[in-house]
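Student: Here you go, query_17.cif (mmCIF, C-alpha atoms):
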data_protein
#
loop_
_atom_site.group_PDB
_atom_site.id
_atom_site.type_symbol
_atom_site.label_atom_id
_atom_site.label_comp_id
_atom_site.auth_asym_id
_atom_site.auth_seq_id
_atom_site.Cartn_x
_atom_site.Cartn_y
_atom_site.Cartn_z
ATOM 1 C CA MET H 9 0.000 0.000 0.000
ATOM 2 C CA SER H 10 1.306 3.451 -0.914
ATOM 3 C CA ILE H 11 0.207 6.913 0.246
ATOM 4 C CA ARG H 12 1.042 10.175 -1.496
ATOM 5 C CA ILE H 13 2.165 12.821 1.001
ATOM 6 C CA LEU H 14 1.421 16.372 -0.150
ATOM 7 C CA SER H 15 2.805 19.531 1.457
ATOM 8 C CA ALA H 16 1.190 22.950 1.538
ATOM 9 C CA ALA H 17 3.249 23.944 -1.501
ATOM 10 C CA ASP H 18 2.054 20.829 -3.339
ATOM 11 C CA VAL H 19 -1.568 21.639 -2.535
ATOM 12 C CA ARG H 20 -1.261 25.209 -3.767
ATOM 13 C CA ALA H 21 0.457 24.078 -6.960
ATOM 14 C CA ALA H 22 -2.249 21.498 -7.640
ATOM 15 C CA LEU H 23 -5.272 23.699 -6.903
ATOM 16 C CA PRO H 24 -5.226 27.178 -8.486
ATOM 17 C CA MET H 25 -8.208 29.337 -7.597
ATOM 18 C CA PRO H 26 -10.210 28.982 -10.854
ATOM 19 C CA LYS H 27 -9.977 25.208 -10.582
ATOM 20 C CA ALA H 28 -10.941 25.380 -6.912
ATOM 21 C CA ILE H 29 -14.017 27.479 -7.731
ATOM 22 C CA ASP H 30 -15.158 24.850 -10.244
ATOM 23 C CA ALA H 31 -14.613 22.150 -7.624
ATOM 24 C CA MET H 32 -16.730 24.050 -5.090
ATOM 25 C CA ARG H 33 -19.585 24.372 -7.574
ATOM 26 C CA HIS H 34 -19.592 20.594 -7.801
ATOM 27 C CA ALA H 35 -19.334 20.132 -4.035
ATOM 28 C CA TYR H 36 -22.181 22.511 -3.217
ATOM 29 C CA SER H 37 -24.326 21.096 -6.009
ATOM 30 C CA GLN H 38 -23.944 17.536 -4.771
ATOM 31 C CA LEU H 39 -24.604 18.525 -1.158
ATOM 32 C CA SER H 40 -27.835 20.385 -1.905
ATOM 33 C CA ALA H 41 -29.020 17.661 -4.281
ATOM 34 C CA GLY H 42 -28.772 15.117 -1.475
ATOM 35 C CA LYS H 43 -26.059 13.199 -3.330
ATOM 36 C CA ALA H 44 -23.379 13.502 -0.649
ATOM 37 C CA VAL H 45 -22.938 11.592 2.591
ATOM 38 C CA ALA H 46 -21.707 14.196 5.057
ATOM 39 C CA PRO H 47 -22.437 13.605 8.756
ATOM 40 C CA PRO H 48 -22.393 16.638 11.065
ATOM 41 C CA ARG H 49 -18.852 17.442 12.102
ATOM 42 C CA GLN H 50 -17.786 16.210 15.512
ATOM 43 C CA HIS H 51 -16.335 18.677 18.025
ATOM 44 C CA LEU H 52 -13.878 17.206 20.523
ATOM 45 C CA SER H 53 -12.770 19.694 23.182
ATOM 46 C CA THR H 54 -9.705 19.534 25.375
ATOM 47 C CA ASP H 55 -8.525 21.919 28.085
ATOM 48 C CA LYS H 56 -6.740 24.058 25.497
ATOM 49 C CA GLY H 57 -8.810 23.889 22.327
ATOM 50 C CA VAL H 58 -11.155 22.023 20.034
ATOM 51 C CA THR H 59 -10.649 19.476 17.260
ATOM 52 C CA LEU H 60 -13.196 19.029 14.487
ATOM 53 C CA ILE H 61 -13.573 15.773 12.538
ATOM 54 C CA MET H 62 -15.196 16.176 9.112
ATOM 55 C CA PRO H 63 -15.832 13.125 6.880
ATOM 56 C CA ALA H 64 -17.658 13.062 3.547
ATOM 57 C CA TYR H 65 -18.356 10.742 0.623
ATOM 58 C CA LEU H 66 -19.618 11.836 -2.798
ATOM 59 C CA PRO H 67 -20.498 8.718 -4.840
ATOM 60 C CA ASP H 68 -20.926 10.545 -8.160
ATOM 61 C CA ARG H 69 -17.144 10.931 -8.610
ATOM 62 C CA SER H 70 -16.025 8.514 -5.866
ATOM 63 C CA GLU H 71 -14.694 11.347 -3.678
ATOM 64 C CA PHE H 72 -14.072 10.121 -0.132
ATOM 65 C CA GLY H 73 -12.062 11.514 2.738
ATOM 66 C CA ILE H 74 -11.758 12.982 6.223
ATOM 67 C CA LYS H 75 -10.436 16.317 7.464
ATOM 68 C CA VAL H 76 -9.184 16.826 11.006
ATOM 69 C CA VAL H 77 -8.814 20.467 12.052
ATOM 70 C CA SER H 78 -7.746 21.794 15.450
ATOM 71 C CA VAL H 79 -8.224 25.304 16.831
ATOM 72 C CA TYR H 80 -5.943 26.104 19.783
ATOM 73 C CA ASP H 81 -5.815 29.775 20.755
ATOM 74 C CA ASP H 82 -2.592 29.483 22.799
ATOM 75 C CA ASN H 83 -0.590 27.936 19.971
ATOM 76 C CA PRO H 84 0.952 31.227 18.787
ATOM 77 C CA ASP H 85 2.641 31.505 22.180
ATOM 78 C CA LEU H 86 4.350 28.208 21.328
ATOM 79 C CA ASN H 87 5.307 29.417 17.830
ATOM 80 C CA LEU H 88 2.629 27.156 16.364
ATOM 81 C CA PRO H 89 -0.350 28.031 14.139
ATOM 82 C CA ARG H 90 -3.642 28.713 15.892
ATOM 83 C CA ILE H 91 -5.371 26.432 13.381
ATOM 84 C CA THR H 92 -3.863 23.200 12.054
ATOM 85 C CA ALA H 93 -5.443 20.718 9.683
ATOM 86 C CA THR H 94 -4.790 17.573 7.706
ATOM 87 C CA VAL H 95 -6.851 15.740 5.090
ATOM 88 C CA LEU H 96 -6.856 12.009 4.384
ATOM 89 C CA VAL H 97 -8.137 10.835 0.983
ATOM 90 C CA LEU H 98 -9.573 7.311 1.009
ATOM 91 C CA ASP H 99 -10.400 4.798 -1.707
ATOM 92 C CA PRO H 100 -14.174 4.203 -1.475
ATOM 93 C CA VAL H 101 -13.817 0.708 -2.956
ATOM 94 C CA THR H 102 -11.249 -0.626 -0.496
ATOM 95 C CA GLY H 103 -11.236 1.944 2.312
ATOM 96 C CA THR H 104 -7.452 2.242 2.087
ATOM 97 C CA PRO H 105 -5.764 5.650 2.311
ATOM 98 C CA LYS H 106 -4.567 7.168 -0.967
ATOM 99 C CA ALA H 107 -3.175 10.531 0.124
ATOM 100 C CA PHE H 108 -2.366 12.569 3.211
ATOM 101 C CA MET H 109 -2.107 16.313 2.681
ATOM 102 C CA ASP H 110 -1.749 19.643 4.412
ATOM 103 C CA GLY H 111 -5.214 20.781 5.408
ATOM 104 C CA ALA H 112 -4.499 24.406 6.265
ATOM 105 C CA SER H 113 -3.639 25.368 2.682
ATOM 106 C CA LEU H 114 -6.503 23.248 1.352
ATOM 107 C CA THR H 115 -8.968 24.887 3.769
ATOM 108 C CA ALA H 116 -7.823 28.365 2.811
ATOM 109 C CA ILE H 117 -8.231 27.686 -0.903
ATOM 110 C CA ARG H 118 -11.539 25.852 -0.700
ATOM 111 C CA THR H 119 -13.092 28.412 1.664
ATOM 112 C CA GLY H 120 -11.950 31.248 -0.564
ATOM 113 C CA ALA H 121 -13.276 29.407 -3.595
ATOM 114 C CA GLY H 122 -16.638 28.961 -1.880
ATOM 115 C CA GLY H 123 -16.806 32.716 -1.445
ATOM 116 C CA GLY H 124 -15.890 33.048 -5.111
ATOM 117 C CA VAL H 125 -18.840 30.864 -6.120
ATOM 118 C CA ALA H 126 -21.132 32.985 -3.942
ATOM 119 C CA ALA H 127 -19.814 36.236 -5.409
ATOM 120 C CA ASP H 128 -20.259 34.908 -8.928
ATOM 121 C CA LEU H 129 -23.888 33.988 -8.244
ATOM 122 C CA LEU H 130 -24.896 36.821 -5.909
ATOM 123 C CA ALA H 131 -22.763 39.923 -6.547
ATOM 124 C CA ARG H 132 -23.716 42.428 -9.223
ATOM 125 C CA GLN H 133 -22.042 41.830 -12.558
ATOM 126 C CA ASP H 134 -20.504 45.318 -12.464
ATOM 127 C CA ALA H 135 -19.086 44.952 -8.933
ATOM 128 C CA LYS H 136 -15.637 46.573 -8.810
ATOM 129 C CA THR H 137 -14.970 47.734 -5.237
ATOM 130 C CA VAL H 138 -14.378 45.224 -2.457
ATOM 131 C CA GLY H 139 -14.328 45.982 1.263
ATOM 132 C CA VAL H 140 -12.238 43.546 3.287
ATOM 133 C CA PHE H 141 -12.257 43.038 7.035
ATOM 134 C CA GLY H 142 -9.179 41.071 8.053
ATOM 135 C CA ALA H 143 -5.695 40.576 6.635
ATOM 136 C CA GLY H 144 -5.038 36.918 7.312
ATOM 137 C CA VAL H 145 -4.916 33.834 5.123
ATOM 138 C CA GLN H 146 -8.653 33.773 4.529
ATOM 139 C CA ALA H 147 -8.881 37.462 3.638
ATOM 140 C CA ARG H 148 -6.283 36.797 0.918
ATOM 141 C CA ALA H 149 -8.087 33.723 -0.386
ATOM 142 C CA GLN H 150 -11.493 35.392 -0.432
ATOM 143 C CA LEU H 151 -10.164 38.379 -2.329
ATOM 144 C CA GLN H 152 -8.330 36.176 -4.824
ATOM 145 C CA ALA H 153 -11.547 34.241 -5.432
ATOM 146 C CA VAL H 154 -13.620 37.396 -5.957
ATOM 147 C CA MET H 155 -10.993 38.664 -8.391
ATOM 148 C CA ALA H 156 -11.375 35.413 -10.321
ATOM 149 C CA VAL H 157 -15.076 36.121 -10.974
ATOM 150 C CA ARG H 158 -15.295 39.940 -11.059
ATOM 151 C CA ASP H 159 -13.195 42.782 -12.480
ATOM 152 C CA VAL H 160 -12.068 44.273 -9.162
ATOM 153 C CA THR H 161 -10.406 47.674 -9.416
ATOM 154 C CA SER H 162 -10.229 48.836 -5.793
ATOM 155 C CA VAL H 163 -10.080 47.346 -2.294
ATOM 156 C CA ASN H 164 -10.872 49.021 1.030
ATOM 157 C CA LEU H 165 -8.902 47.108 3.655
ATOM 158 C CA ILE H 166 -8.921 47.193 7.449
ATOM 159 C CA SER H 167 -7.374 44.884 10.025
ATOM 160 C CA ARG H 168 -7.036 44.840 13.788
ATOM 161 C CA LYS H 169 -3.271 44.992 13.282
ATOM 162 C CA GLN H 170 -2.121 47.788 10.972
ATOM 163 C CA ALA H 171 1.097 45.933 10.173
ATOM 164 C CA SER H 172 -0.908 42.980 8.864
ATOM 165 C CA ALA H 173 -2.984 45.271 6.662
ATOM 166 C CA GLU H 174 0.148 46.909 5.284
ATOM 167 C CA GLN H 175 1.718 43.528 4.583
ATOM 168 C CA LEU H 176 -1.354 42.298 2.713
ATOM 169 C CA ALA H 177 -1.592 45.540 0.740
ATOM 170 C CA ALA H 178 2.026 45.139 -0.349
ATOM 171 C CA GLU H 179 1.355 41.543 -1.382
ATOM 172 C CA ILE H 180 -1.751 42.482 -3.370
ATOM 173 C CA SER H 181 0.233 45.124 -5.259
ATOM 174 C CA GLU H 182 2.304 42.322 -6.791
ATOM 175 C CA TRP H 183 -0.665 40.260 -8.005
ATOM 176 C CA ILE H 184 -1.555 40.119 -11.692
ATOM 177 C CA ASP H 185 -4.116 42.857 -12.512
ATOM 178 C CA ALA H 186 -3.692 44.186 -8.988
ATOM 179 C CA PRO H 187 -6.466 46.488 -7.753
ATOM 180 C CA GLU H 188 -5.785 49.736 -5.924
ATOM 181 C CA VAL H 189 -5.679 49.075 -2.166
ATOM 182 C CA ASN H 190 -6.890 51.698 0.273
ATOM 183 C CA LEU H 191 -5.898 51.157 3.900
ATOM 184 C CA VAL H 192 -8.826 52.694 5.758
ATOM 185 C CA ALA H 193 -9.199 53.604 9.417
ATOM 186 C CA THR H 194 -12.876 52.934 10.144
ATOM 187 C CA PRO H 195 -15.413 50.181 9.431
ATOM 188 C CA HIS H 196 -17.645 52.747 7.743
ATOM 189 C CA ALA H 197 -14.886 53.512 5.255
ATOM 190 C CA VAL H 198 -14.677 49.804 4.375
ATOM 191 C CA VAL H 199 -18.326 49.426 3.407
ATOM 192 C CA GLN H 200 -19.494 52.922 2.373
ATOM 193 C CA ASP H 201 -18.757 52.438 -1.349
ATOM 194 C CA ALA H 202 -18.188 48.666 -1.477
ATOM 195 C CA ASP H 203 -19.979 46.480 -4.009
ATOM 196 C CA ILE H 204 -18.752 43.358 -2.202
ATOM 197 C CA VAL H 205 -17.885 43.096 1.501
ATOM 198 C CA ILE H 206 -15.700 40.265 2.827
ATOM 199 C CA CYS H 207 -15.709 39.437 6.544
ATOM 200 C CA ALA H 208 -12.783 37.147 7.347
ATOM 201 C CA THR H 209 -11.879 37.795 10.983
ATOM 202 C CA THR H 210 -11.942 36.091 14.362
ATOM 203 C CA SER H 211 -14.150 38.836 15.812
ATOM 204 C CA GLY H 212 -17.001 37.721 18.041
ATOM 205 C CA THR H 213 -18.908 40.982 17.641
ATOM 206 C CA PRO H 214 -20.230 42.779 14.538
ATOM 207 C CA LEU H 215 -17.609 44.513 12.427
ATOM 208 C CA PHE H 216 -19.734 47.303 10.938
ATOM 209 C CA ASP H 217 -23.111 49.032 11.046
ATOM 210 C CA GLY H 218 -25.443 47.430 8.538
ATOM 211 C CA ASN H 219 -27.118 50.790 7.908
ATOM 212 C CA ALA H 220 -23.954 51.837 6.037
ATOM 213 C CA LEU H 221 -24.400 49.225 3.309
ATOM 214 C CA LEU H 222 -25.366 50.455 -0.126
ATOM 215 C CA LEU H 223 -28.242 48.862 -1.987
ATOM 216 C CA GLY H 224 -26.848 46.193 -4.295
ATOM 217 C CA THR H 225 -24.033 45.141 -1.965
ATOM 218 C CA HIS H 226 -23.068 41.508 -1.568
ATOM 219 C CA ILE H 227 -21.586 40.342 1.759
ATOM 220 C CA THR H 228 -19.666 37.138 2.427
ATOM 221 C CA ALA H 229 -18.941 36.173 6.043
ATOM 222 C CA VAL H 230 -16.613 33.262 6.792
ATOM 223 C CA GLY H 231 -14.847 34.125 10.028
ATOM 224 C CA THR H 232 -17.068 32.643 12.748
ATOM 225 C CA PHE H 233 -18.498 29.160 13.226
ATOM 226 C CA VAL H 234 -19.963 29.152 16.756
ATOM 227 C CA PRO H 235 -23.482 30.190 17.829
ATOM 228 C CA GLU H 236 -22.430 32.944 20.227
ATOM 229 C CA LYS H 237 -20.191 34.888 17.810
ATOM 230 C CA ARG H 238 -20.968 36.939 14.722
ATOM 231 C CA GLU H 239 -19.241 39.280 12.285
ATOM 232 C CA VAL H 240 -22.361 41.040 10.989
ATOM 233 C CA ASP H 241 -25.073 42.818 12.946
ATOM 234 C CA THR H 242 -28.814 42.319 13.031
ATOM 235 C CA GLU H 243 -29.351 45.328 10.757
ATOM 236 C CA THR H 244 -27.292 43.689 8.005
ATOM 237 C CA ILE H 245 -29.416 40.561 8.247
ATOM 238 C CA ARG H 246 -32.638 42.596 8.382
ATOM 239 C CA ARG H 247 -31.688 44.543 5.244
ATOM 240 C CA ALA H 248 -30.548 41.494 3.258
ATOM 241 C CA HIS H 249 -32.987 40.543 0.522
ATOM 242 C CA ARG H 250 -31.359 37.157 0.051
ATOM 243 C CA ILE H 251 -29.678 35.101 2.818
ATOM 244 C CA VAL H 252 -27.745 32.183 1.354
ATOM 245 C CA VAL H 253 -25.680 29.536 3.179
ATOM 246 C CA ASP H 254 -23.405 26.638 2.378
ATOM 247 C CA SER H 255 -25.474 24.236 4.524
ATOM 248 C CA ARG H 256 -28.772 24.950 6.276
ATOM 249 C CA GLU H 257 -28.183 22.265 8.865
ATOM 250 C CA ASP H 258 -24.690 23.395 9.775
ATOM 251 C CA CYS H 259 -25.442 27.124 9.729
ATOM 252 C CA LEU H 260 -28.528 26.743 11.902
ATOM 253 C CA ALA H 261 -26.363 24.886 14.416
ATOM 254 C CA GLU H 262 -23.197 26.993 14.281
ATOM 255 C CA ALA H 263 -23.606 30.401 12.607
ATOM 256 C CA GLY H 264 -24.097 33.111 15.209
ATOM 257 C CA ASP H 265 -24.527 35.606 12.354
ATOM 258 C CA LEU H 266 -27.860 33.891 11.672
ATOM 259 C CA ILE H 267 -28.743 32.310 15.020
ATOM 260 C CA ILE H 268 -28.529 35.495 17.118
ATOM 261 C CA PRO H 269 -30.921 37.549 14.922
ATOM 262 C CA ASN H 270 -33.108 34.475 14.239
ATOM 263 C CA ALA H 271 -32.597 34.898 10.498
ATOM 264 C CA GLU H 272 -34.597 33.101 7.846
ATOM 265 C CA ILE H 273 -32.434 31.327 5.259
ATOM 266 C CA ASP H 274 -33.561 31.751 1.656
ATOM 267 C CA ALA H 275 -31.367 29.146 -0.028
ATOM 268 C CA GLU H 276 -28.306 26.960 0.057
ATOM 269 C CA ILE H 277 -25.731 28.002 -2.515
ATOM 270 C CA GLY H 278 -26.042 24.539 -4.068
ATOM 271 C CA GLU H 279 -29.775 25.064 -4.620
ATOM 272 C CA ILE H 280 -28.961 28.149 -6.680
ATOM 273 C CA ILE H 281 -26.311 26.239 -8.641
ATOM 274 C CA ASN H 282 -28.824 23.458 -9.316
ATOM 275 C CA GLY H 283 -31.497 25.913 -10.469
ATOM 276 C CA ASP H 284 -33.847 25.068 -7.598
ATOM 277 C CA LYS H 285 -33.691 28.556 -6.046
ATOM 278 C CA PRO H 286 -32.986 31.979 -7.568
ATOM 279 C CA GLY H 287 -29.852 33.966 -6.902
ATOM 280 C CA ARG H 288 -29.658 37.749 -7.220
ATOM 281 C CA GLN H 289 -32.850 39.040 -8.824
ATOM 282 C CA SER H 290 -32.112 42.758 -9.137
ATOM 283 C CA ASP H 291 -29.189 45.179 -8.904
ATOM 284 C CA ASP H 292 -30.716 46.778 -5.800
ATOM 285 C CA GLU H 293 -30.755 43.641 -3.688
ATOM 286 C CA ILE H 294 -28.453 43.244 -0.706
ATOM 287 C CA THR H 295 -27.274 39.639 -0.643
ATOM 288 C CA PHE H 296 -25.585 37.801 2.211
ATOM 289 C CA PHE H 297 -23.648 34.523 2.081
ATOM 290 C CA LYS H 298 -22.689 32.717 5.269
ATOM 291 C CA SER H 299 -20.251 29.830 5.223
ATOM 292 C CA VAL H 300 -19.241 27.743 8.211
ATOM 293 C CA GLY H 301 -17.447 25.246 5.974
ATOM 294 C CA VAL H 302 -18.642 21.773 5.062
ATOM 295 C CA ALA H 303 -16.742 18.527 4.662
ATOM 296 C CA VAL H 304 -17.773 18.073 1.036
ATOM 297 C CA GLN H 305 -15.630 21.103 0.204
ATOM 298 C CA ASP H 306 -12.548 19.477 1.694
ATOM 299 C CA VAL H 307 -13.127 16.091 0.122
ATOM 300 C CA VAL H 308 -13.845 17.438 -3.367
ATOM 301 C CA ALA H 309 -10.874 19.805 -3.158
ATOM 302 C CA ALA H 310 -8.614 17.022 -1.896
ATOM 303 C CA ALA H 311 -9.700 14.737 -4.731
ATOM 304 C CA ALA H 312 -8.862 17.473 -7.231
ATOM 305 C CA VAL H 313 -5.474 17.991 -5.600
ATOM 306 C CA LEU H 314 -4.688 14.277 -5.686
ATOM 307 C CA ALA H 315 -5.648 13.926 -9.352
ATOM 308 C CA GLU H 316 -3.419 16.860 -10.313
ATOM 309 C CA ALA H 317 -0.603 15.621 -8.072
ATOM 310 C CA GLU H 318 -0.684 12.200 -9.699
ATOM 311 C CA ALA H 319 -0.659 13.767 -13.164
ATOM 312 C CA LYS H 320 2.273 16.089 -12.356
ATOM 313 C CA GLY H 321 4.204 13.860 -9.968
ATOM 314 C CA LEU H 322 3.763 16.184 -6.989
ATOM 315 C CA GLY H 323 4.408 15.057 -3.433
ATOM 316 C CA THR H 324 6.160 12.002 -2.041
ATOM 317 C CA GLU H 325 5.038 8.400 -2.430
ATOM 318 C CA CYS H 326 5.389 6.445 0.797
ATOM 319 C CA VAL H 327 5.064 2.655 0.682
ATOM 320 C CA PHE H 328 3.664 0.792 3.695
ATOM 321 C CA TYR H 329 3.727 -2.962 4.090
#
Would you put the structure from the file into structure tokens?

Tutor:
Amino acid sequence: MSIRILSAADVRAALPMPKAIDAMRHAYSQLSAGKAVAPPRQHLSTDKGVTLIMPAYLPDRSEFGIKVVSVYDDNPDLNLPRITATVLVLDPVTGTPKAFMDGASLTAIRTGAGGGVAADLLARQDAKTVGVFGAGVQARAQLQAVMAVRDVTSVNLISRKQASAEQLAAEISEWIDAPEVNLVATPHAVVQDADIVICATTSGTPLFDGNALLLGTHITAVGTFVPEKREVDTETIRRAHRIVVDSREDCLAEAGDLIIPNAEIDAEIGEIINGDKPGRQSDDEITFFKSVGVAVQDVVAAAAVLAEAEAKGLGTECVFY
């Protein structure tokens, strides 16, 4: 038996954002069509943090795997990442492992790509200005995904740490077709002229006043996944004409953005992809997408990574007897 070991660099090389966005369309479509086996994720808490176990099986393309992700807030004090993750790809015919890969890079790409799918379906076609809360890995991935589906010309960026915002702005300036980046000082300045707003922080309280949103704005929130925390306020939810999620079941159990204001979900993103529910219906609508992350994203993304890695000889083959 052999297992292909794939590093973060291997994952990034095998899964460019446009390919990841296509993979997420498939993942969301299968989930909402009831064609994926994806039990609710298990939360195992220790004294210092929580570990989430996320399995999924999609029979249509024989995609099968498990992600294990841990969130330990004290890890930075030990010079370790706050969030660590690994993904195991399994053969659905034999149950044997086929690949073991870095899950942090995979999670960043697939979560960003999910936001890209949402922006493609829900943001106005002429959206050009993006407001970004946060300057971490997910803020980067979300912006890259939006740029893959819309012609972004300017970005309003704010972060709790100014140095992080400056670092991200410098990085963005080197991207192909780089937009102008404005480092702003207030939440109002982020959203006041934004066509798309990205919330990618660890904040447990709302980041901005929903009254500041322009008609026609699309908001994606990916930073929180527990019932008692939220990145957007009740006014944002009240003003949203369309509230779309990755998974009704998971968001109703975990998304404080929706649980606290007792929001009514209009559609899963997969239902829009499948043509069962409408997406944006006018340029004046405010649309909101909430993602807590679902295992089908990881498994579909991991399968795509493995296929590309096998084709290009990426990673290291380890033989076990």

Student: Could you spell out the hits of the PyMOL selection byres ((chain H and resi 165) around 8) on the shown file, as a list in words?

Tutor: Gly139, Val140, Phe141, Gly142, Ala143, Val163, Asn164, Ile166, Ser167, Ala173, Val189, Asn190, Leu191, Val192 and Val198 of chain H

Student: Identify all residues satisfying the PyMOL selection byres ((chain H and resi 223) around 8) in the given file; provide them as a list of chain:residue names.

Tutor: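 Applying the PyMOL selection byres ((chain H and resi 223) around 8) to the structure shown produces H:Leu221, H:Leu222, H:Gly224, H:Thr225, H:Asp291, H:Asp292, H:Glu293, H:Ile294.
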
Student: So the first atom is CA of Asn87 in chain H and the second is CA of Cys207 in chain H; what is the distance between them in Å, to one decimal place?

Tutor: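 According to the coordinates, CA of Asn87 in chain H and CA of Cys207 in chain H are separated by 25.9 Å.
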
Student: Run through the PyMOL selection byres ((chain H and resi 23) around 8) on the given coordinates and return the selected residues as a PyMOL selection string.

Tutor: chain H and resi 19-22+24-25+27-28+117+309+312-313+316

Student: Pick from H:Val77, H:Ala202, H:Ile184, H:Val45: nearest to Leu60 in chain H, with only C-alpha atoms counted?

Tutor: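 Ranked by minimum distance to Leu60 in chain H, first place goes to H:Val77.
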
Student: Of the residues H:Val157, H:Val76, H:Ala303, H:Cys259, which is the one nearest to Pro235 in chain H, using only C-alpha atoms?

Tutor: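 Ranked by minimum distance to Pro235 in chain H, first place goes to H:Cys259.
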
Student: Record the distance separating CA of Ala153 in chain H and CA of Ala193 in chain H, expressed in Å with one decimal.

Tutor: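 Separation of CA of Ala153 in chain H and CA of Ala193 in chain H: 24.5 Å.
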
Student: Pick out the residues sitting within 12 Å of Ala116 in chain H, and hand them over as JSON, numbers by chain; count only C-alpha atoms, and ignore anything fewer than 2 positions along from it in its own chain.

Tutor: {"H": [16, 19, 20, 23, 24, 25, 28, 91, 92, 93, 110, 111, 112, 113, 114, 118, 119, 120, 121, 122, 123, 144, 145, 146, 147, 148, 149, 150, 151, 152, 153, 208, 230, 231, 301, 305, 306, 309]}

Student: Write out as number ranges by chain the residues lying within 8 Å of Lys43 in chain H, counting all atoms listed in the file and excluding same-chain residues fewer than 6 positions away.

Tutor: H: 66-68

Student: For C-alpha atoms, I'd like the residues from the last selection saved as a compact mmCIF listing (two decimals), in the coordinates of the input.

Tutor:
# COMPACT_ATOMS: atom_id res chain seq x y z
CA LEU H 66 -19.62 11.84 -2.80
CA PRO H 67 -20.50 8.72 -4.84
CA ASP H 68 -20.93 10.54 -8.16

Student: Need to verify the contact set: Ala275 in chain H, 9 Å, all atoms listed in the file, exclusion of same-chain residues closer than 5 positions in sequence. Can you return it as a ChimeraX atom specification?

Tutor: /H:250-256,280,284-287

Student: Mind dumping the selected residues with C-alpha atoms as a compact mmCIF listing (two decimals), in the coordinates of the input?

Tutor:
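Writing done, so here's part-v6.txt:
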# COMPACT_ATOMS: atom_id res chain seq x y z
CA ARG H 250 -31.36 37.16 0.05
CA ILE H 251 -29.68 35.10 2.82
CA VAL H 252 -27.74 32.18 1.35
CA VAL H 253 -25.68 29.54 3.18
CA ASP H 254 -23.40 26.64 2.38
CA SER H 255 -25.47 24.24 4.52
CA ARG H 256 -28.77 24.95 6.28
CA ILE H 280 -28.96 28.15 -6.68
CA ASP H 284 -33.85 25.07 -7.60
CA LYS H 285 -33.69 28.56 -6.05
CA PRO H 286 -32.99 31.98 -7.57
CA GLY H 287 -29.85 33.97 -6.90

Student: In Å, with one decimal, what is the gap from CA of Glu262 in chain H to CA of Ser70 in chain H?

Tutor: 28.3 Å

Student: Missing atoms in range 237-249 of chain H should be modelled up to N, CA and C atoms and reported as a compact mmCIF listing (two decimals), in the coordinates of the input.

Tutor:
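Dumped everything to result.txt:
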# COMPACT_ATOMS: atom_id res chain seq x y z
N LYS H 237 -21.01 33.87 18.44
CA LYS H 237 -20.19 34.89 17.81
C LYS H 237 -20.76 35.25 16.44
N ARG H 238 -20.52 36.51 16.05
CA ARG H 238 -20.97 36.94 14.72
C ARG H 238 -20.12 38.10 14.23
N GLU H 239 -19.99 38.19 12.92
CA GLU H 239 -19.24 39.28 12.28
C GLU H 239 -20.16 40.37 11.75
N VAL H 240 -21.42 40.05 11.51
CA VAL H 240 -22.36 41.04 10.99
C VAL H 240 -23.48 41.26 11.98
N ASP H 241 -24.05 42.48 11.97
CA ASP H 241 -25.07 42.82 12.95
C ASP H 241 -26.48 42.46 12.46
N THR H 242 -27.42 42.64 13.35
CA THR H 242 -28.81 42.32 13.03
C THR H 242 -29.33 43.18 11.90
N GLU H 243 -28.89 44.44 11.82
CA GLU H 243 -29.35 45.33 10.76
C GLU H 243 -28.93 44.83 9.38
N THR H 244 -27.73 44.27 9.28
CA THR H 244 -27.29 43.69 8.01
C THR H 244 -28.21 42.55 7.59
N ILE H 245 -28.53 41.69 8.53
CA ILE H 245 -29.42 40.56 8.25
C ILE H 245 -30.81 41.05 7.91
N ARG H 246 -31.30 42.06 8.63
CA ARG H 246 -32.64 42.60 8.38
C ARG H 246 -32.74 43.20 6.99
N ARG H 247 -31.66 43.87 6.54
CA ARG H 247 -31.69 44.54 5.24
C ARG H 247 -31.43 43.60 4.07
N ALA H 248 -30.89 42.43 4.34
CA ALA H 248 -30.55 41.49 3.26
C ALA H 248 -31.81 40.96 2.59
N HIS H 249 -31.87 41.08 1.28
CA HIS H 249 -32.99 40.54 0.52
C HIS H 249 -32.85 39.04 0.30
